[in-house]
$ cat my_file26.tsv   # TSV, C-alpha atoms
chain	number	residue	atom	x	y	z
A	72	MET	CA	96.02	107.27	70.38
A	73	ASN	CA	92.97	107.59	68.12
A	74	TYR	CA	90.43	106.52	70.70
A	75	LEU	CA	91.38	109.54	72.83
A	76	LYS	CA	90.20	111.82	70.03
A	77	ALA	CA	86.82	110.11	70.09
A	78	LEU	CA	86.45	110.89	73.79
A	79	GLU	CA	86.79	114.66	73.54
A	80	ASN	CA	83.06	115.33	73.88
A	81	ILE	CA	82.50	112.96	76.80
A	82	PRO	CA	82.16	114.85	80.08
A	83	LEU	CA	84.55	114.68	82.99
A	84	VAL	CA	82.66	116.05	85.97
A	85	VAL	CA	84.62	117.81	88.70
A	86	ILE	CA	83.05	118.49	92.09
A	87	LEU	CA	85.39	120.73	94.04
A	88	GLY	CA	85.32	123.10	96.95
A	89	PRO	CA	87.02	123.87	100.23
A	90	THR	CA	87.36	121.34	103.00
A	91	ALA	CA	84.13	120.51	104.88
A	92	SER	CA	81.94	121.95	102.13
A	93	GLY	CA	80.13	118.66	101.52
A	94	LYS	CA	81.64	117.46	98.25
A	95	THR	CA	81.34	113.78	99.16
A	96	GLU	CA	77.65	114.11	100.00
A	97	VAL	CA	77.02	115.73	96.61
A	98	SER	CA	78.84	112.92	94.79
A	99	ILE	CA	76.81	110.27	96.60
A	100	GLU	CA	73.57	112.02	95.67
A	101	LEU	CA	74.80	112.26	92.07
A	102	SER	CA	75.46	108.51	92.02
A	103	TYR	CA	71.71	107.96	92.50
A	104	LEU	CA	71.05	109.98	89.34
A	105	LEU	CA	73.92	108.98	87.03
A	106	ASP	CA	76.09	105.91	86.51
A	107	ILE	CA	79.36	107.27	87.85
A	108	GLU	CA	82.65	106.32	89.45
A	109	VAL	CA	84.57	108.71	91.69
A	110	LEU	CA	88.18	109.76	91.24
A	111	SER	CA	89.26	111.18	94.59
A	112	ALA	CA	91.45	114.27	94.13
A	113	ASP	CA	92.62	114.48	97.71
A	114	SER	CA	96.32	114.43	98.49
A	115	ARG	CA	95.79	112.77	101.90
A	116	GLN	CA	92.86	110.40	101.47
A	117	VAL	CA	95.03	108.36	99.12
A	118	TYR	CA	96.89	107.04	102.20
A	119	LYS	CA	95.90	104.11	104.39
A	120	TYR	CA	95.25	104.40	108.14
A	121	LEU	CA	94.33	108.11	108.02
A	122	ASP	CA	90.56	107.96	107.66
A	123	ILE	CA	89.43	110.21	110.51
A	124	GLY	CA	91.98	112.97	110.15
A	125	THR	CA	91.47	113.24	106.38
A	126	ALA	CA	87.66	112.91	106.46
A	127	THR	CA	87.81	109.89	104.17
A	128	PRO	CA	84.34	108.80	102.94
A	129	SER	CA	82.66	106.32	105.24
A	130	GLU	CA	82.32	102.62	104.47
A	131	LYS	CA	78.69	103.26	103.57
A	132	GLU	CA	79.66	106.02	101.15
A	133	LEU	CA	82.45	103.95	99.62
A	134	SER	CA	80.04	101.07	99.08
A	135	ALA	CA	77.46	103.33	97.41
A	136	VAL	CA	79.71	104.12	94.45
A	137	LYS	CA	83.12	102.89	93.32
A	138	HIS	CA	85.97	105.16	94.42
A	139	HIS	CA	89.49	105.37	93.04
A	140	PHE	CA	92.56	106.72	94.88
A	141	ILE	CA	91.18	106.11	98.38
A	142	ASN	CA	93.33	104.17	100.88
A	143	THR	CA	95.65	102.89	98.15
A	144	LEU	CA	99.10	103.89	99.46
A	145	TYR	CA	101.02	103.41	102.70
A	146	PRO	CA	101.88	106.61	104.61
A	147	ASP	CA	105.56	106.46	103.69
A	148	GLU	CA	104.97	106.08	99.94
A	149	TYR	CA	105.69	109.05	97.71
A	150	PHE	CA	102.84	110.31	95.53
A	151	SER	CA	102.79	113.53	93.54
A	152	ALA	CA	100.23	115.54	91.66
A	153	GLY	CA	101.98	114.53	88.45
A	154	GLN	CA	101.59	110.85	89.29
A	155	PHE	CA	97.95	111.39	90.16
A	156	GLY	CA	97.30	113.23	86.90
A	157	GLY	CA	98.71	110.43	84.78
A	158	GLN	CA	97.09	107.58	86.69
A	159	ALA	CA	93.74	109.33	87.04
A	160	ALA	CA	93.64	110.14	83.32
A	161	LYS	CA	94.03	106.47	82.49
A	162	ALA	CA	91.37	105.55	85.04
A	163	ALA	CA	88.99	108.15	83.60
A	164	VAL	CA	89.44	106.78	80.08
A	165	ASP	CA	88.73	103.27	81.38
A	166	ILE	CA	85.56	104.51	83.08
A	167	PHE	CA	84.47	106.17	79.84
A	168	ARG	CA	84.99	102.96	77.92
A	169	ARG	CA	82.74	101.14	80.39
A	170	ASN	CA	79.95	103.62	79.62
A	171	LYS	CA	80.15	105.39	82.97
A	172	ILE	CA	80.90	108.98	83.86
A	173	PRO	CA	84.09	109.74	85.84
A	174	VAL	CA	83.48	112.26	88.59
A	175	VAL	CA	86.47	113.94	90.20
A	176	VAL	CA	85.80	114.85	93.83
A	177	GLY	CA	88.27	116.73	95.98
A	178	GLY	CA	89.86	119.90	97.21
A	179	SER	CA	93.47	119.48	96.07
A	180	GLY	CA	93.64	122.07	93.32
A	181	LEU	CA	96.96	120.94	91.92
A	182	TYR	CA	95.70	117.36	91.62
A	183	ILE	CA	92.63	118.54	89.73
A	184	ARG	CA	94.74	120.68	87.41
A	185	ALA	CA	97.17	117.82	86.81
A	186	LEU	CA	94.31	115.61	85.63
A	187	CYS	CA	92.17	118.09	83.73
A	188	GLU	CA	94.80	120.35	82.18
A	189	GLY	CA	98.21	118.78	82.69
A	190	LEU	CA	101.01	120.39	84.69
A	191	PHE	CA	102.86	123.22	83.09
A	192	GLU	CA	102.79	126.25	85.34
A	193	GLU	CA	105.44	127.23	87.83
A	194	ASP	CA	103.19	126.66	90.79
A	195	ASP	CA	103.49	124.35	93.77
A	196	GLY	CA	99.80	124.70	94.55
A	197	ASP	CA	97.78	123.92	97.63
A	198	THR	CA	99.63	120.70	98.39
A	199	GLY	CA	102.88	122.58	98.96
A	200	ASP	CA	102.60	123.83	102.52
A	201	ALA	CA	104.01	120.80	104.33
A	202	ILE	CA	106.86	120.36	101.87
A	203	ARG	CA	107.68	124.06	101.91
A	204	ILE	CA	107.84	124.03	105.71
A	205	GLU	CA	110.12	121.00	105.61
A	206	LEU	CA	112.42	122.68	103.09
A	207	GLU	CA	112.55	125.85	105.17
A	208	MET	CA	113.51	123.76	108.19
A	209	LYS	CA	116.31	122.17	106.16
A	210	LEU	CA	117.42	125.67	105.14
A	211	ASN	CA	117.60	126.74	108.78
A	212	ASN	CA	119.25	123.54	110.01
A	213	GLU	CA	121.50	122.55	107.09
A	214	GLY	CA	122.05	125.77	105.18
A	215	ILE	CA	121.56	126.88	101.60
A	216	ASP	CA	124.47	124.80	100.27
A	217	TYR	CA	122.69	121.63	101.37
A	218	LEU	CA	119.49	122.60	99.53
A	219	PHE	CA	121.48	123.70	96.49
A	220	GLY	CA	123.19	120.31	96.40
A	221	GLU	CA	119.79	118.64	96.54
A	222	LEU	CA	118.63	120.76	93.60
A	223	ILE	CA	121.73	119.83	91.59
A	224	ARG	CA	120.91	116.18	92.17
A	225	ILE	CA	117.30	116.33	90.97
A	226	ASP	CA	117.25	119.29	88.55
A	227	GLU	CA	120.69	120.38	87.43
A	228	GLU	CA	119.33	122.78	84.82
A	229	SER	CA	117.39	124.75	87.44
A	230	ALA	CA	120.43	124.68	89.73
A	231	ILE	CA	122.52	126.29	86.99
A	232	LYS	CA	119.83	128.92	86.48
A	233	TYR	CA	119.72	129.65	90.21
A	234	GLY	CA	123.47	129.72	90.69
A	235	ASP	CA	123.13	132.80	92.88
A	236	LYS	CA	121.63	130.40	95.48
A	237	ASN	CA	118.58	132.55	96.13
A	238	PRO	CA	116.79	130.59	98.90
A	239	ARG	CA	113.29	131.47	97.71
A	240	ARG	CA	113.96	130.25	94.18
A	241	ILE	CA	115.70	127.08	95.31
A	242	ILE	CA	112.87	126.20	97.71
A	243	ARG	CA	110.35	126.87	94.95
A	244	ALA	CA	112.18	124.58	92.50
A	245	LEU	CA	112.56	121.80	95.06
A	246	GLY	CA	108.96	122.20	96.20
A	247	TYR	CA	107.71	121.99	92.64
A	248	TYR	CA	109.59	118.73	92.11
A	249	TYR	CA	108.43	117.10	95.34
A	250	ASN	CA	104.83	118.21	94.79
A	251	THR	CA	104.49	117.27	91.14
A	252	GLY	CA	107.21	114.71	90.44
A	253	ARG	CA	108.44	116.92	87.59
A	254	ARG	CA	111.51	119.14	87.26
A	255	LEU	CA	110.77	122.84	87.19
A	256	SER	CA	113.13	123.21	84.22
A	257	GLU	CA	110.88	120.83	82.28
A	258	ALA	CA	107.79	122.83	83.19
A	259	HIS	CA	109.35	125.89	81.60
A	260	ILE	CA	109.68	124.27	78.19
A	261	GLU	CA	106.82	121.77	78.02
A	262	SER	CA	103.30	122.62	76.98
A	263	PRO	CA	100.44	121.00	78.89
A	264	GLU	CA	99.46	117.52	77.83
A	265	LYS	CA	96.19	117.54	75.90
A	266	ARG	CA	93.54	115.80	77.91
A	267	PRO	CA	90.69	114.12	76.00
A	268	PHE	CA	88.03	115.47	78.35
A	269	ASN	CA	85.20	117.93	78.11
A	270	THR	CA	85.55	119.04	81.72
A	271	LEU	CA	82.61	120.44	83.64
A	272	TYR	CA	83.63	122.16	86.88
A	273	PHE	CA	81.16	122.47	89.75
A	274	GLY	CA	82.00	124.13	93.05
A	275	VAL	CA	80.16	123.55	96.32
A	276	HIS	CA	79.77	126.99	97.89
A	277	HIS	CA	78.75	128.20	101.33
A	278	PRO	CA	78.82	131.71	102.81
A	279	ARG	CA	82.01	132.09	104.82
A	280	GLU	CA	80.30	132.01	108.21
A	281	VAL	CA	78.45	128.83	107.27
A	282	LEU	CA	81.61	127.14	105.98
A	283	TYR	CA	83.56	128.10	109.10
A	284	SER	CA	80.78	126.72	111.26
A	285	ARG	CA	80.91	123.45	109.33
A	286	ILE	CA	84.68	123.33	109.78
A	287	ASN	CA	84.46	123.97	113.51
A	288	ARG	CA	81.77	121.34	113.96
A	289	ARG	CA	83.64	118.73	111.96
A	290	THR	CA	86.83	119.41	113.90
A	291	GLU	CA	85.05	118.70	117.17
A	292	MET	CA	83.66	115.48	115.67
A	293	MET	CA	87.08	114.38	114.43
A	294	TRP	CA	88.68	114.96	117.81
A	295	ALA	CA	85.90	113.17	119.64
A	296	GLY	CA	85.78	110.48	116.97
A	297	GLY	CA	89.31	109.25	117.46
A	298	VAL	CA	91.83	111.29	115.48
A	299	LYS	CA	94.11	111.08	118.54
A	300	GLN	CA	94.05	107.28	118.60
A	301	GLU	CA	94.38	107.14	114.82
A	302	ALA	CA	97.58	109.18	114.98
A	303	GLU	CA	99.00	106.94	117.73
A	304	ASN	CA	98.06	103.82	115.77
A	305	VAL	CA	100.05	105.04	112.78
A	306	LEU	CA	103.07	105.67	114.98
A	307	ASP	CA	102.66	102.22	116.55
A	308	LEU	CA	102.87	100.76	113.04
A	309	GLY	CA	106.37	102.18	112.82
A	310	TYR	CA	105.71	105.30	110.75
A	311	SER	CA	107.38	108.60	111.62
A	312	LYS	CA	105.31	111.65	112.52
A	313	GLU	CA	107.66	113.58	110.22
A	314	LEU	CA	106.17	111.92	107.13
A	315	ASN	CA	104.53	114.26	104.64
A	316	ALA	CA	101.30	112.25	104.97
A	317	LEU	CA	101.13	113.17	108.66
A	318	ASN	CA	102.39	116.72	108.30
A	319	THR	CA	98.88	118.01	107.83
A	320	VAL	CA	96.09	119.70	109.75
A	321	GLY	CA	94.69	117.47	112.48
A	322	TYR	CA	97.73	115.30	113.06
A	323	LYS	CA	100.13	118.22	113.52
A	324	GLU	CA	97.98	119.71	116.27
A	325	TYR	CA	97.61	116.37	118.00
A	326	PHE	CA	101.38	115.85	118.02
A	327	GLU	CA	101.78	119.30	119.58
A	328	PHE	CA	99.32	118.27	122.31
A	329	ALA	CA	100.89	114.83	122.77
A	330	GLY	CA	104.30	116.47	123.16
A	331	GLY	CA	102.98	118.59	126.01
A	332	ARG	CA	103.49	121.88	124.19
A	333	ILE	CA	99.81	122.87	124.16
A	334	SER	CA	96.66	121.82	125.99
A	335	GLU	CA	93.94	119.68	124.45
A	336	ARG	CA	91.62	122.67	124.14
A	337	GLU	CA	94.37	124.67	122.47
A	338	ALA	CA	95.00	121.81	120.05
A	339	ILE	CA	91.34	121.67	119.04
A	340	ASP	CA	91.12	125.44	118.59
A	341	LEU	CA	94.38	125.44	116.62
A	342	MET	CA	93.06	122.66	114.39
A	343	LYS	CA	89.94	124.73	113.71
A	344	ARG	CA	91.99	127.82	112.88
A	345	ASN	CA	94.43	125.98	110.62
A	346	THR	CA	91.58	124.25	108.79
A	347	ARG	CA	89.87	127.59	108.19
A	348	ARG	CA	93.12	128.99	106.84
A	349	TYR	CA	93.51	125.97	104.57
A	350	ALA	CA	89.99	126.48	103.25
A	351	LYS	CA	90.83	130.10	102.50
A	352	ARG	CA	93.90	129.03	100.51
A	353	GLN	CA	91.81	126.50	98.61
A	354	MET	CA	89.32	129.19	97.62
A	355	THR	CA	92.14	131.47	96.49
A	356	TRP	CA	93.31	128.67	94.18
A	357	PHE	CA	89.84	127.86	92.86
A	358	ARG	CA	89.02	131.49	92.06
A	359	LYS	CA	91.71	131.35	89.37
A	360	ASN	CA	89.47	128.97	87.41
A	361	LYS	CA	86.72	130.99	85.75
A	362	ASN	CA	85.05	127.84	84.39
A	363	ILE	CA	83.76	126.73	87.79
A	364	LYS	CA	80.00	126.88	88.25
A	365	TRP	CA	79.45	127.58	91.93
A	366	LEU	CA	76.37	126.01	93.47
A	367	GLU	CA	74.66	126.55	96.81
A	368	GLY	CA	72.05	124.46	98.58
A	369	GLY	CA	71.67	120.94	99.87
A	370	ALA	CA	73.61	118.01	98.46
A	371	LYS	CA	70.59	116.58	96.64
A	372	GLU	CA	69.71	119.92	95.11
A	373	ILE	CA	73.26	120.50	93.87
A	374	ALA	CA	73.44	116.96	92.46
A	375	GLU	CA	70.25	117.56	90.49
A	376	VAL	CA	71.73	120.69	88.90
A	377	ILE	CA	74.89	118.80	87.95
A	378	CYS	CA	72.81	115.98	86.48
A	379	ARG	CA	70.84	118.40	84.32
A	380	ASP	CA	73.97	120.12	83.07
A	381	VAL	CA	75.66	116.82	82.21
A	382	GLY	CA	72.55	115.68	80.38
A	383	SER	CA	72.38	118.86	78.30
A	384	ILE	CA	75.73	118.45	76.54

$ encode --input "my_file26.tsv" --output "structure tokens"
Amino acid sequence: MNYLKALENIPLVVILGPTASGKTEVSIELSYLLDIEVLSADSRQVYKYLDIGTATPSEKELSAVKHHFINTLYPDEYFSAGQFGGQAAKAAVDIFRRNKIPVVVGGSGLYIRALCEGLFEEDDGDTGDAIRIELEMKLNNEGIDYLFGELIRIDEESAIKYGDKNPRRIIRALGYYYNTGRRLSEAHIESPEKRPFNTLYFGVHHPREVLYSRINRRTEMMWAGGVKQEAENVLDLGYSKELNALNTVGYKEYFEFAGGRISEREAIDLMKRNTRRYAKRQMTWFRKNKNIKWLEGGAKEIAEVICRDVGSI
């Protein structure tokens, strides 16, 4: 499409960073300086009913600037990084055409890559933990033949390649499909889709001890703020706790507590630890991208730097 060529020099701003780093606050401050709309690159905030446990922006924040991909799906709906990449690209182009700047905000590295670069690497990314755990449980409970049959059904070419039934390779191929919505065999032969964006990456950075303190504090606030009731409400609506949307930090620890396997204090401490580990994995992913400009300071200060950089291109 010719109009995509004309958009190549228009900026797509990405504000990324580990969980609890303050990305949302930066985007709100940026909205006071630039005419923007936010594309949320968060693999959990896209679901309804999970506001507390996923740290979804508040009603006040959502009303300050238009957000896309927040509270749009039901917890049992399937949504992959590949789907996000395609839909978010179209949304970004629409924002451009309305003379606004699309700003991607989130910590899901695979979602950001899917939008900004296209999916082409053999990588299940930071959204893969829950699915990988589920596949490993199926391996233990059902056996390798069951997983191999599943791979034949969704990606016969990869199944032929992995005819030796190596569990690690089969889990990787299945995980790639369920994370991205694409067959791994296709990823081996396709080049990344050209995106019509001049992407500017900005990372919100804190020293590790500061970030961990923010994580611990937010965990306490989430627990006190109703993540327990939120989880029960979702179950009362008829959704299973085994859903991928609920197989994430915060809800998993609550279900362990609710099942009587750990105490409330242990659940809170476990939630803190698992969130810190998740943040560490996020940073490992982000360090692969050498184009990220890491910024420290308050939200307003960081937003001002981003505004200046956007205005200089």

$ residues_near_point --input "my_file26.tsv" --point "(109.2, 117.7, 97.3)" --cutoff "10 Å" --atoms "only C-alpha atoms" --output "VMD selection string"
chain A and resid 149 to 151 195 199 201 to 203 205 to 206 242 to 253 315

$ residues_around --input "my_file26.tsv" --residues "Asp106 of chain A" --least-positions-apart "4" --cutoff "7 Å" --atoms "only C-alpha atoms" --output "compact mmCIF listing (two decimals) with C-alpha atoms, keeping the file's coordinate frame"
# COMPACT_ATOMS: atom_id res chain seq x y z
CA SER A 102 75.46 108.51 92.02
CA LYS A 171 80.15 105.39 82.97
CA ILE A 172 80.90 108.98 83.86

$ residues_around --input "my_file26.tsv" --residues "Gly156 of chain A" --least-positions-apart "2" --cutoff "8 Å" --atoms "only C-alpha atoms" --output "list in words"
Ala152, Gly153, Gln154, Gln158, Ala159, Ala160, Tyr182, Ile183, Arg184, Ala185, Leu186, Cys187 and Gly189 of chain A

$ residues_around --input "my_file26.tsv" --residues "Glu291 of chain A" --least-positions-apart "3" --cutoff "10 Å" --atoms "only C-alpha atoms" --output "JSON, numbers by chain"
{"A": [286, 287, 288, 294, 295, 296, 339, 340, 342, 343]}

$ write_last_selection --input "my_file26.tsv" --atoms "C-alpha atoms" --output "compact mmCIF listing (two decimals), in the coordinates of the input"
# COMPACT_ATOMS: atom_id res chain seq x y z
CA ILE A 286 84.68 123.33 109.78
CA ASN A 287 84.46 123.97 113.51
CA ARG A 288 81.77 121.34 113.96
CA TRP A 294 88.68 114.96 117.81
CA ALA A 295 85.90 113.17 119.64
CA GLY A 296 85.78 110.48 116.97
CA ILE A 339 91.34 121.67 119.04
CA ASP A 340 91.12 125.44 118.59
CA MET A 342 93.06 122.66 114.39
CA LYS A 343 89.94 124.73 113.71

$ atom_distance --input "my_file26.tsv" --atom1 "atom CA of Gly369 of chain A" --atom2 "atom CA of Val84 of chain A"
18.4 Å

$ atom_distance --input "my_file26.tsv" --atom1 "atom CA of Phe268 of chain A" --atom2 "atom CA of Gly368 of chain A"
27.3 Å

$ atom_distance --input "my_file26.tsv" --atom1 "atom CA of Asp113 of chain A" --atom2 "atom CA of Ser179 of chain A"
5.3 Å

$ residues_around --input "my_file26.tsv" --residues "Val281 of chain A" --least-positions-apart "3" --cutoff "12 Å" --atoms "only C-alpha atoms" --output "PDB file with C-alpha atoms, keeping the file's coordinate frame"
ATOM      1  CA  ALA A  91      84.130 120.510 104.880  1.00  0.00           C
ATOM      2  CA  SER A  92      81.940 121.950 102.130  1.00  0.00           C
ATOM      3  CA  GLY A  93      80.130 118.660 101.520  1.00  0.00           C
ATOM      4  CA  HIS A 276      79.770 126.990  97.890  1.00  0.00           C
ATOM      5  CA  HIS A 277      78.750 128.200 101.330  1.00  0.00           C
ATOM      6  CA  PRO A 278      78.820 131.710 102.810  1.00  0.00           C
ATOM      7  CA  SER A 284      80.780 126.720 111.260  1.00  0.00           C
ATOM      8  CA  ARG A 285      80.910 123.450 109.330  1.00  0.00           C
ATOM      9  CA  ILE A 286      84.680 123.330 109.780  1.00  0.00           C
ATOM     10  CA  ASN A 287      84.460 123.970 113.510  1.00  0.00           C
ATOM     11  CA  ARG A 288      81.770 121.340 113.960  1.00  0.00           C
ATOM     12  CA  ARG A 347      89.870 127.590 108.190  1.00  0.00           C
ATOM     13  CA  GLU A 367      74.660 126.550  96.810  1.00  0.00           C
ATOM     14  CA  GLY A 368      72.050 124.460  98.580  1.00  0.00           C
TER      15      GLY A 368
END
